[in-house]
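Have a look at structure06.cif; it's mmCIF, C-alpha atoms and all ligand atoms:
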```cif
data_entry
loop_
_atom_site.label_atom_id
_atom_site.label_comp_id
_atom_site.auth_asym_id
_atom_site.auth_seq_id
_atom_site.Cartn_x
_atom_site.Cartn_y
_atom_site.Cartn_z
CA MET A 369 79.76 33.99 18.24
CA ASN A 370 79.48 30.33 19.21
CA LYS A 371 76.29 29.13 17.51
CA ASN A 372 75.74 26.39 20.08
CA LEU A 373 75.32 28.73 23.04
CA LEU A 374 71.52 28.74 22.84
CA GLN A 375 70.85 25.36 21.24
CA THR A 376 68.90 23.15 23.57
CA GLU A 377 66.35 20.39 23.83
CA LEU A 378 62.87 20.39 25.40
CA CYS A 379 60.55 17.36 25.60
CA GLY A 380 62.37 15.75 22.68
CA MET A 381 62.18 18.93 20.56
CA LYS A 382 65.51 20.22 19.27
CA LEU A 383 65.49 24.02 19.64
CA ASN A 384 67.77 26.56 17.96
CA THR A 385 67.08 28.87 20.89
CA PRO A 386 65.04 28.42 24.08
CA ILE A 387 63.02 31.51 23.13
CA PHE A 388 59.36 31.10 22.23
CA ALA A 389 56.71 33.59 21.17
CA ALA A 390 53.84 33.54 23.70
CA SER A 391 50.33 32.62 22.65
CA GLY A 392 47.99 35.44 21.69
CA THR A 393 50.76 37.95 21.08
CA PHE A 394 52.22 36.56 17.85
CA GLY A 395 49.19 35.56 15.75
CA PHE A 396 50.00 32.43 13.74
CA GLY A 397 53.62 33.51 13.34
CA GLU A 398 53.31 34.54 9.70
CA GLU A 399 52.50 38.11 10.73
CA PHE A 400 56.08 38.37 12.08
CA GLU A 401 57.92 36.90 9.07
CA ASN A 402 59.34 40.29 8.07
CA PHE A 403 60.69 41.04 11.54
CA VAL A 404 61.89 37.70 12.90
CA ASP A 405 63.86 34.66 11.71
CA LEU A 406 61.09 32.25 12.68
CA GLN A 407 63.44 29.24 12.52
CA ARG A 408 65.64 30.80 15.16
CA LEU A 409 62.78 30.77 17.68
CA GLY A 410 62.33 27.70 19.85
CA GLY A 411 58.77 27.84 18.59
CA VAL A 412 55.67 29.90 18.11
CA MET A 413 52.82 29.28 20.53
CA VAL A 414 50.00 30.17 18.18
CA LYS A 415 46.81 31.97 19.20
CA CYS A 416 44.52 29.80 21.29
CA LEU A 417 42.26 27.45 19.32
CA THR A 418 38.85 26.26 20.48
CA PRO A 419 36.68 23.49 19.00
CA LYS A 420 34.47 26.04 17.18
CA PRO A 421 35.35 29.53 15.88
CA ARG A 422 34.88 32.38 18.40
CA ARG A 423 34.43 36.07 17.77
CA GLY A 424 35.79 37.14 21.15
CA ASN A 425 34.48 39.79 23.53
CA ASP A 426 32.62 42.97 22.54
CA GLY A 427 33.75 46.49 23.38
CA VAL A 428 37.23 47.70 24.31
CA ARG A 429 39.61 44.74 24.51
CA ILE A 430 42.99 46.30 25.30
CA THR A 431 44.15 49.15 27.51
CA GLU A 432 47.67 50.26 28.41
CA THR A 433 48.70 50.24 32.09
CA PRO A 434 51.88 51.35 33.86
CA SER A 435 54.52 48.91 32.48
CA GLY A 436 51.97 46.59 30.93
CA MET A 437 48.56 46.09 29.44
CA LEU A 438 45.16 44.72 30.31
CA ASN A 439 43.43 42.61 27.67
CA CYS A 440 40.15 40.79 27.37
CA ILE A 441 40.29 39.47 23.79
CA GLY A 442 38.05 36.55 24.76
CA LEU A 443 39.78 33.82 22.75
CA GLU A 444 38.84 35.10 19.28
CA ASN A 445 40.02 32.43 16.85
CA PRO A 446 39.03 30.66 13.60
CA GLY A 447 38.46 27.26 15.29
CA VAL A 448 40.50 24.07 15.06
CA GLU A 449 39.09 22.86 11.71
CA LYS A 450 40.06 25.97 9.77
CA PHE A 451 43.46 25.92 11.49
CA LEU A 452 44.09 22.35 10.34
CA SER A 453 42.83 22.79 6.78
CA GLU A 454 44.10 26.29 5.95
CA ILE A 455 46.62 27.68 8.43
CA LEU A 456 48.79 24.75 9.51
CA PRO A 457 49.71 23.71 5.93
CA ARG A 458 50.92 27.29 5.35
CA ILE A 459 53.01 27.67 8.52
CA LYS A 460 54.26 24.18 9.40
CA ASP A 461 57.54 24.34 7.49
CA LYS A 462 58.30 27.88 8.57
CA MET A 463 58.46 27.41 12.35
CA ASN A 464 58.15 25.00 15.25
CA VAL A 465 54.39 25.15 15.84
CA VAL A 466 53.10 24.83 19.40
CA VAL A 467 49.30 24.85 19.41
CA ASN A 468 47.61 26.55 22.35
CA VAL A 469 44.12 25.12 22.98
CA SER A 470 41.20 25.89 25.23
CA GLY A 471 37.93 24.07 25.84
CA SER A 472 34.75 24.35 27.88
CA SER A 473 34.87 20.76 29.12
CA VAL A 474 37.39 18.00 29.88
CA GLU A 475 36.17 16.22 26.72
CA ASP A 476 36.94 19.31 24.61
CA TYR A 477 40.61 19.14 25.62
CA GLY A 478 40.75 15.43 24.78
CA GLU A 479 39.14 16.02 21.40
CA LEU A 480 41.42 18.97 20.55
CA ALA A 481 44.50 16.93 21.46
CA LYS A 482 43.32 14.12 19.19
CA LEU A 483 42.61 16.41 16.23
CA LEU A 484 45.99 18.10 16.58
CA ASP A 485 48.03 14.88 16.70
CA VAL A 486 49.17 15.55 13.14
CA ASP A 487 52.33 16.24 11.17
CA GLY A 488 53.48 19.85 11.60
CA VAL A 489 52.39 20.23 15.22
CA ALA A 490 55.44 20.13 17.52
CA ALA A 491 53.58 20.25 20.83
CA ILE A 492 50.23 21.10 22.38
CA GLU A 493 49.89 23.74 25.08
CA LEU A 494 46.77 23.44 27.23
CA ASN A 495 45.44 26.86 28.14
CA ILE A 496 43.70 26.14 31.43
CA SER A 497 44.20 29.68 32.58
CA CYS A 498 42.40 32.26 30.41
CA PRO A 499 40.84 34.75 32.84
CA ASN A 500 38.83 36.60 30.18
CA VAL A 501 35.97 34.28 29.28
CA LYS A 502 33.67 32.23 31.49
CA ASP A 503 34.46 29.02 29.63
CA GLY A 504 38.11 29.82 28.89
CA GLY A 505 39.63 27.21 31.07
CA ILE A 506 40.23 29.26 34.21
CA ILE A 507 38.00 26.85 36.19
CA PHE A 508 40.35 24.04 35.13
CA GLY A 509 43.45 26.04 36.01
CA THR A 510 42.40 26.96 39.53
CA ASP A 511 41.24 23.53 40.72
CA GLU A 512 43.80 20.73 41.12
CA ARG A 513 41.37 17.91 40.30
CA GLN A 514 40.03 19.61 37.19
CA ALA A 515 43.55 20.51 36.03
CA ALA A 516 44.58 16.87 36.44
CA LYS A 517 41.54 15.60 34.50
CA VAL A 518 42.16 17.94 31.57
CA THR A 519 45.82 16.92 31.42
CA SER A 520 45.00 13.19 31.44
CA ALA A 521 42.34 13.67 28.75
CA ALA A 522 44.84 15.39 26.45
CA LYS A 523 47.69 12.94 27.19
CA LYS A 524 45.49 9.94 26.39
CA ASN A 525 44.74 11.29 22.94
CA THR A 526 48.09 12.45 21.57
CA ARG A 527 51.69 11.39 21.05
CA LYS A 528 52.80 15.03 21.05
CA PRO A 529 54.42 16.61 24.11
CA VAL A 530 51.71 18.19 26.29
CA ILE A 531 52.59 21.53 27.88
CA VAL A 532 50.17 22.74 30.57
CA LYS A 533 49.92 26.51 30.98
CA LEU A 534 49.35 27.55 34.57
CA SER A 535 47.31 30.43 35.95
CA PRO A 536 48.83 32.86 38.44
CA ASN A 537 45.33 33.58 39.78
CA VAL A 538 45.65 30.97 42.53
CA THR A 539 46.81 30.89 46.15
CA ASP A 540 49.39 28.11 45.73
CA ILE A 541 50.57 27.48 42.17
CA THR A 542 52.73 24.51 43.22
CA LYS A 543 49.62 22.45 44.05
CA ILE A 544 48.32 22.76 40.49
CA ALA A 545 51.82 22.18 39.09
CA ARG A 546 52.19 18.90 41.00
CA ALA A 547 48.70 17.74 40.06
CA VAL A 548 49.30 18.18 36.32
CA GLU A 549 52.78 16.65 36.52
CA ASN A 550 51.27 13.58 38.21
CA SER A 551 48.73 13.38 35.38
CA GLY A 552 51.43 13.16 32.74
CA ALA A 553 52.19 16.76 31.70
CA ASP A 554 55.49 16.77 29.79
CA CYS A 555 56.21 20.43 30.47
CA LEU A 556 54.68 23.41 32.29
CA SER A 557 54.42 26.96 31.01
CA LEU A 558 53.81 29.92 33.31
CA ILE A 559 52.47 32.45 33.85
CA ASN A 560 49.29 33.45 32.07
CA THR A 561 47.92 36.93 32.80
CA LEU A 562 46.90 38.21 36.25
CA MET A 563 43.29 39.27 36.55
CA GLY A 564 42.93 43.06 36.72
CA MET A 565 40.53 45.95 36.18
CA GLU A 566 40.59 49.62 35.20
CA ILE A 567 37.85 52.22 35.75
CA ASN A 568 37.37 55.34 33.63
CA ILE A 569 36.86 58.15 36.16
CA HIS A 570 34.99 60.34 33.62
CA THR A 571 32.35 57.79 32.67
CA TRP A 572 32.58 55.86 35.97
CA ARG A 573 32.51 52.69 33.87
CA PRO A 574 35.10 49.92 33.55
CA THR A 575 37.41 50.61 30.57
CA LEU A 576 37.18 47.06 29.23
CA GLY A 577 34.08 45.63 27.59
CA ASN A 578 34.51 42.49 29.69
CA ILE A 579 34.89 44.61 32.89
CA THR A 580 37.99 42.65 33.99
CA GLY A 581 40.99 41.65 31.91
CA GLY A 582 44.37 39.95 32.08
CA LEU A 583 47.39 42.01 33.13
CA SER A 584 50.62 41.29 31.23
CA GLY A 585 53.93 43.00 30.47
CA GLY A 586 56.81 44.33 32.57
CA ALA A 587 54.61 44.94 35.62
CA ILE A 588 54.05 41.21 36.20
CA LYS A 589 57.67 40.03 35.86
CA PRO A 590 58.51 39.77 39.57
CA VAL A 591 55.35 37.72 40.17
CA ALA A 592 56.25 35.43 37.26
CA VAL A 593 59.87 34.94 38.39
CA ARG A 594 58.66 34.09 41.90
CA MET A 595 56.17 31.54 40.57
CA VAL A 596 58.69 29.91 38.20
CA TRP A 597 61.12 29.60 41.09
CA GLN A 598 58.45 28.05 43.35
CA VAL A 599 57.27 25.61 40.67
CA ALA A 600 60.84 24.62 39.77
CA GLN A 601 61.33 23.42 43.37
CA ALA A 602 58.08 21.45 43.24
CA VAL A 603 58.28 19.49 39.94
CA LYS A 604 60.77 17.59 37.78
CA VAL A 605 59.32 18.39 34.34
CA PRO A 606 60.81 21.34 32.44
CA ILE A 607 59.31 24.83 32.65
CA ILE A 608 58.79 27.50 30.00
CA GLY A 609 58.85 30.79 31.90
CA MET A 610 57.04 33.92 30.79
CA GLY A 611 55.57 37.13 32.12
CA GLY A 612 56.96 40.58 31.41
CA ILE A 613 60.17 39.59 29.63
CA ARG A 614 61.49 42.58 27.64
CA SER A 615 65.24 41.96 27.54
CA ALA A 616 67.93 39.28 27.79
CA ALA A 617 68.48 40.37 31.41
CA ASP A 618 64.81 39.67 32.16
CA ALA A 619 65.07 36.29 30.41
CA ALA A 620 68.23 35.40 32.36
CA GLU A 621 66.31 35.82 35.63
CA PHE A 622 63.80 33.19 34.50
CA PHE A 623 66.57 30.71 33.56
CA LEU A 624 68.26 31.28 36.93
CA ALA A 625 64.90 30.71 38.66
CA GLY A 626 64.63 27.30 36.96
CA ALA A 627 63.04 27.79 33.51
CA SER A 628 64.49 25.69 30.68
CA ALA A 629 63.01 28.05 28.08
CA VAL A 630 61.21 31.38 28.01
CA ALA A 631 58.37 32.95 26.03
CA ILE A 632 57.96 36.57 25.05
CA GLY A 633 54.46 38.07 24.91
CA THR A 634 53.47 41.70 25.35
CA ALA A 635 56.92 43.00 24.36
CA ASN A 636 56.23 41.84 20.77
CA PHE A 637 53.57 44.57 20.46
CA SER A 638 55.97 47.46 20.98
CA GLU A 639 59.00 45.84 19.30
CA PRO A 640 58.13 43.06 16.82
CA SER A 641 61.76 41.88 16.49
CA ILE A 642 62.40 41.80 20.27
CA THR A 643 62.81 37.99 20.34
CA MET A 644 65.86 38.23 18.06
CA LYS A 645 67.43 40.98 20.17
CA ILE A 646 66.88 38.90 23.30
CA ALA A 647 68.59 35.90 21.59
CA ASP A 648 71.57 38.05 20.51
CA ASP A 649 71.98 39.65 23.95
CA LEU A 650 71.56 36.34 25.77
CA GLU A 651 74.49 34.93 23.79
CA ILE A 652 76.62 37.89 24.86
CA TYR A 653 75.53 37.43 28.49
CA LEU A 654 76.37 33.71 28.48
CA GLN A 655 79.82 34.42 27.06
CA SER A 656 80.41 37.13 29.65
CA CYS A 657 79.60 34.54 32.35
CA GLY A 658 82.04 32.07 30.77
CA LEU A 659 79.25 29.58 30.01
CA LYS A 660 79.14 27.32 26.94
CA ASN A 661 75.42 26.66 26.84
CA ILE A 662 72.19 28.11 28.23
CA ARG A 663 71.51 24.84 30.09
CA GLU A 664 74.33 25.75 32.49
CA LEU A 665 72.24 28.69 33.73
CA VAL A 666 69.02 26.81 34.47
CA GLY A 667 68.06 26.84 38.17
CA LYS A 668 71.39 28.29 39.28
CA VAL A 669 69.97 30.98 41.56
CA LYS A 670 71.94 30.85 44.80
C1 LIG B 701 46.61 40.22 23.88
C2 LIG B 701 46.96 38.94 24.58
C3 LIG B 701 46.34 37.74 24.18
C4 LIG B 701 46.65 36.54 24.82
N1 LIG B 701 46.07 35.38 24.40
C5 LIG B 701 46.43 34.20 24.98
C6 LIG B 701 45.90 32.97 24.49
O1 LIG B 701 45.14 32.92 23.51
N2 LIG B 701 46.27 31.82 25.12
C7 LIG B 701 47.14 31.82 26.18
O2 LIG B 701 47.45 30.76 26.72
N3 LIG B 701 47.68 32.97 26.63
C8 LIG B 701 47.35 34.16 26.05
N4 LIG B 701 47.92 35.32 26.51
C9 LIG B 701 48.89 35.28 27.63
C10 LIG B 701 50.34 35.30 27.13
O3 LIG B 701 50.62 34.18 26.30
C11 LIG B 701 51.33 35.33 28.31
O4 LIG B 701 51.16 34.18 29.10
C12 LIG B 701 51.15 36.53 29.22
O5 LIG B 701 50.79 37.68 28.48
C13 LIG B 701 52.39 36.85 30.06
O6 LIG B 701 53.52 37.15 29.24
P1 LIG B 701 53.92 38.65 28.79
O7 LIG B 701 53.91 39.51 30.04
O8 LIG B 701 55.29 38.53 28.18
O9 LIG B 701 52.90 39.10 27.82
C14 LIG B 701 47.61 36.54 25.89
C15 LIG B 701 48.22 37.74 26.27
C16 LIG B 701 47.92 38.94 25.64
C17 LIG B 701 48.61 40.19 26.08
#
```

Have the structure of the file written as structure tokens, please.
Amino acid sequence: MNKNLLQTELCGMKLNTPIFAASGTFGFGEEFENFVDLQRLGGVMVKCLTPKPRRGNDGVRITETPSGMLNCIGLENPGVEKFLSEILPRIKDKMNVVVNVSGSSVEDYGELAKLLDVDGVAAIELNISCPNVKDGGIIFGTDERQAAKVTSAAKKNTRKPVIVKLSPNVTDITKIARAVENSGADCLSLINTLMGMEINIHTWRPTLGNITGGLSGGAIKPVAVRMVWQVAQAVKVPIIGMGGIRSAADAAEFFLAGASAVAIGTANFSEPSITMKIADDLEIYLQSCGLKNIRELVGKVK
């Protein structure tokens, strides 16, 4: 197999494959060491970090749905300081580390970007789209002006590439995409989860402790492909596409729609080595199309 088929470049980062692990579904990467060649991934988008540690939401946090799952973890994480002092030194030579961050204010995002402008961090992903906590960024991700402010605050404070993660819980995602591109975003990632709800008909109560949660997995793929395609027409910066990818065929749709890379989330729960299988099968697909590199597929939907 030609080893160069999947090699690519994104915001100055040299990637062995354009396949990332999506934030919140892959821990800090180490948990997957026995299942995945971490160096073969484009990178690991680690669990969202906030300025202070968070214990997350109470009650039931995950429930399975037809072709997907609803979660309301609530941004449980050890906080940026512990990440920098204990976790980053352990993981930085093992993988390309993309740090997903979330704040309650514009200043928080600026501060997090500054603190994370250190050796071992490949890029920063701004989570302005968590639907599961009141202060989880969703207000920034659904308002163009706020999204622009958060992006500028982060860009001002770091030399690292800034990836802005967009929410699908909006009427027109291209408006937010353009606003963050104009504020200096180097790359966009999409989509985060779609807000959903399940009710237990025996107790008549919502299943999730948080009442609502974020829907992810196979069920959301057509929505994600549509949004990647729309955003790709609207901006010039590269896109990391995600939402329901479970196979190389799913991933290929995102590249055709205009994504330069993809991220795999929920599928990691049922098959921890799925990212490697997707890389293997994508190589076979590219060869079957007579292509020499994944870049030749990007945006080629007719
Ligand atoms: C359990 C769980 C936790 C998540 N936590 C985060 C997070 O901390 N930050 C973030 O930006 N996205 C988070 N996400 C969203 C995923 O990164 C991804 O955008 C979304 O699930 C769609 O991809 P998928 O269908 O392949 O899972 C989480 C998703 C799940 C299922």

Could you produce a table of the residues of chain A lying within 7 Å of ligand LIG 701 (chain B), with the nearest pair of atoms per residue and their separation in Å rounded to one decimal, using all atoms listed in the file, ordered by chain and increasing residue number, as a tab-separated table?
```
residue	atom	partner	partner_atom	distance
A:Ala390	CA	B:LIG701	O3	4.2
A:Ser391	CA	B:LIG701	O3	4.0
A:Gly392	CA	B:LIG701	N1	3.3
A:Thr393	CA	B:LIG701	C2	5.3
A:Lys415	CA	B:LIG701	O1	4.7
A:Cys416	CA	B:LIG701	O1	3.9
A:Met437	CA	B:LIG701	C17	6.8
A:Asn439	CA	B:LIG701	C1	5.5
A:Ile441	CA	B:LIG701	C3	6.3
A:Leu443	CA	B:LIG701	O1	5.5
A:Asn468	CA	B:LIG701	O2	6.1
A:Asn495	CA	B:LIG701	O2	4.6
A:Ser497	CA	B:LIG701	O2	6.8
A:Cys498	CA	B:LIG701	C7	6.4
A:Lys533	CA	B:LIG701	O2	6.5
A:Leu558	CA	B:LIG701	O4	6.5
A:Ile559	CA	B:LIG701	O4	5.2
A:Asn560	CA	B:LIG701	O4	3.6
A:Thr561	CA	B:LIG701	C12	4.8
A:Ser584	CA	B:LIG701	O7	3.9
A:Gly585	CA	B:LIG701	O7	3.5
A:Gly586	CA	B:LIG701	O7	6.2
A:Ile588	CA	B:LIG701	O7	6.4
A:Lys589	CA	B:LIG701	O7	6.9
A:Met610	CA	B:LIG701	O6	5.0
A:Gly611	CA	B:LIG701	O6	3.5
A:Gly612	CA	B:LIG701	O7	3.5
A:Ile613	CA	B:LIG701	O8	5.2
A:Ala631	CA	B:LIG701	O8	6.7
A:Ile632	CA	B:LIG701	O8	4.6
A:Gly633	CA	B:LIG701	O8	3.4
A:Thr634	CA	B:LIG701	O9	3.6
A:Ala635	CA	B:LIG701	O8	6.1
```

Self-check item: Point (50.2, 14.4, 16.3), cut-off 7 Å, counting all atoms listed in the file, residues as a ChimeraX atom specification
Solution: /A:484-487,489,526-528

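Between Arg408 (chain A) and the residues A:Ser641, A:Ser520, A:Ser615, A:Gln601, the shortest atom-to-atom distance, using all atoms listed in the file, involves A:Ser641.
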
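Among the candidates A:Val599, A:Val412, A:Val530, A:Ile506, the residue lying nearest to Thr542 (chain A) is A:Val599 (atoms considered: all atoms listed in the file).
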
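The spacing separating CA of Pro434 (chain A) from CA of Ile579 (chain A) amounts to 18.3 Å.
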
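Between CA of Leu378 (chain A) and CA of Phe508 (chain A) the separation is 24.8 Å.
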
As a check of understanding: the span from CA of Ala389 (chain A) to CA of Met413 (chain A) is 5.8 Å

Next item on the list: Give me the residues within 10 Å of region 449-465 of chain A as an NGL selection string, counting only C-alpha atoms and dropping any in the same chain fewer than 5 places off.
Entry: :A and (381-383 or 388 or 396-398 or 401 or 405-414 or 417-421 or 480 or 483-484 or 486-492)

Write out as a VMD selection string the residues lying within 8 Å of region 564-568 of chain A, counting only C-alpha atoms and excluding same-chain residues fewer than 2 positions away.
chain A and resid 438 562 570 to 576 579 to 583

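Counting all atoms listed in the file and comparing A:Val596, A:Ile569, A:Ile387, A:Ala616, the residue that lies closest to Leu374 (chain A) is A:Ile387.
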
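Environment of (51.8, 12.5, 34.3): residues at most 9 Å away, judged by all atoms listed in the file, are Ala516, Thr519, Ser520, Lys523, Ala547, Val548, Glu549, Asn550, Ser551, Gly552, Ala553 and Asp554 of chain A.
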
Would you save the residues of that selection, restricted to C-alpha atoms, as a compact mmCIF listing (two decimals), in the frame of the given file?
```txt
# COMPACT_ATOMS: atom_id res chain seq x y z
CA ALA A 516 44.58 16.87 36.44
CA THR A 519 45.82 16.92 31.42
CA SER A 520 45.00 13.19 31.44
CA LYS A 523 47.69 12.94 27.19
CA ALA A 547 48.70 17.74 40.06
CA VAL A 548 49.30 18.18 36.32
CA GLU A 549 52.78 16.65 36.52
CA ASN A 550 51.27 13.58 38.21
CA SER A 551 48.73 13.38 35.38
CA GLY A 552 51.43 13.16 32.74
CA ALA A 553 52.19 16.76 31.70
CA ASP A 554 55.49 16.77 29.79
```

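Considering all atoms listed in the file, the residue among A:Arg429, A:Lys482, A:Arg423, A:Lys668 positioned nearest to Lys524 (chain A) is A:Lys482.
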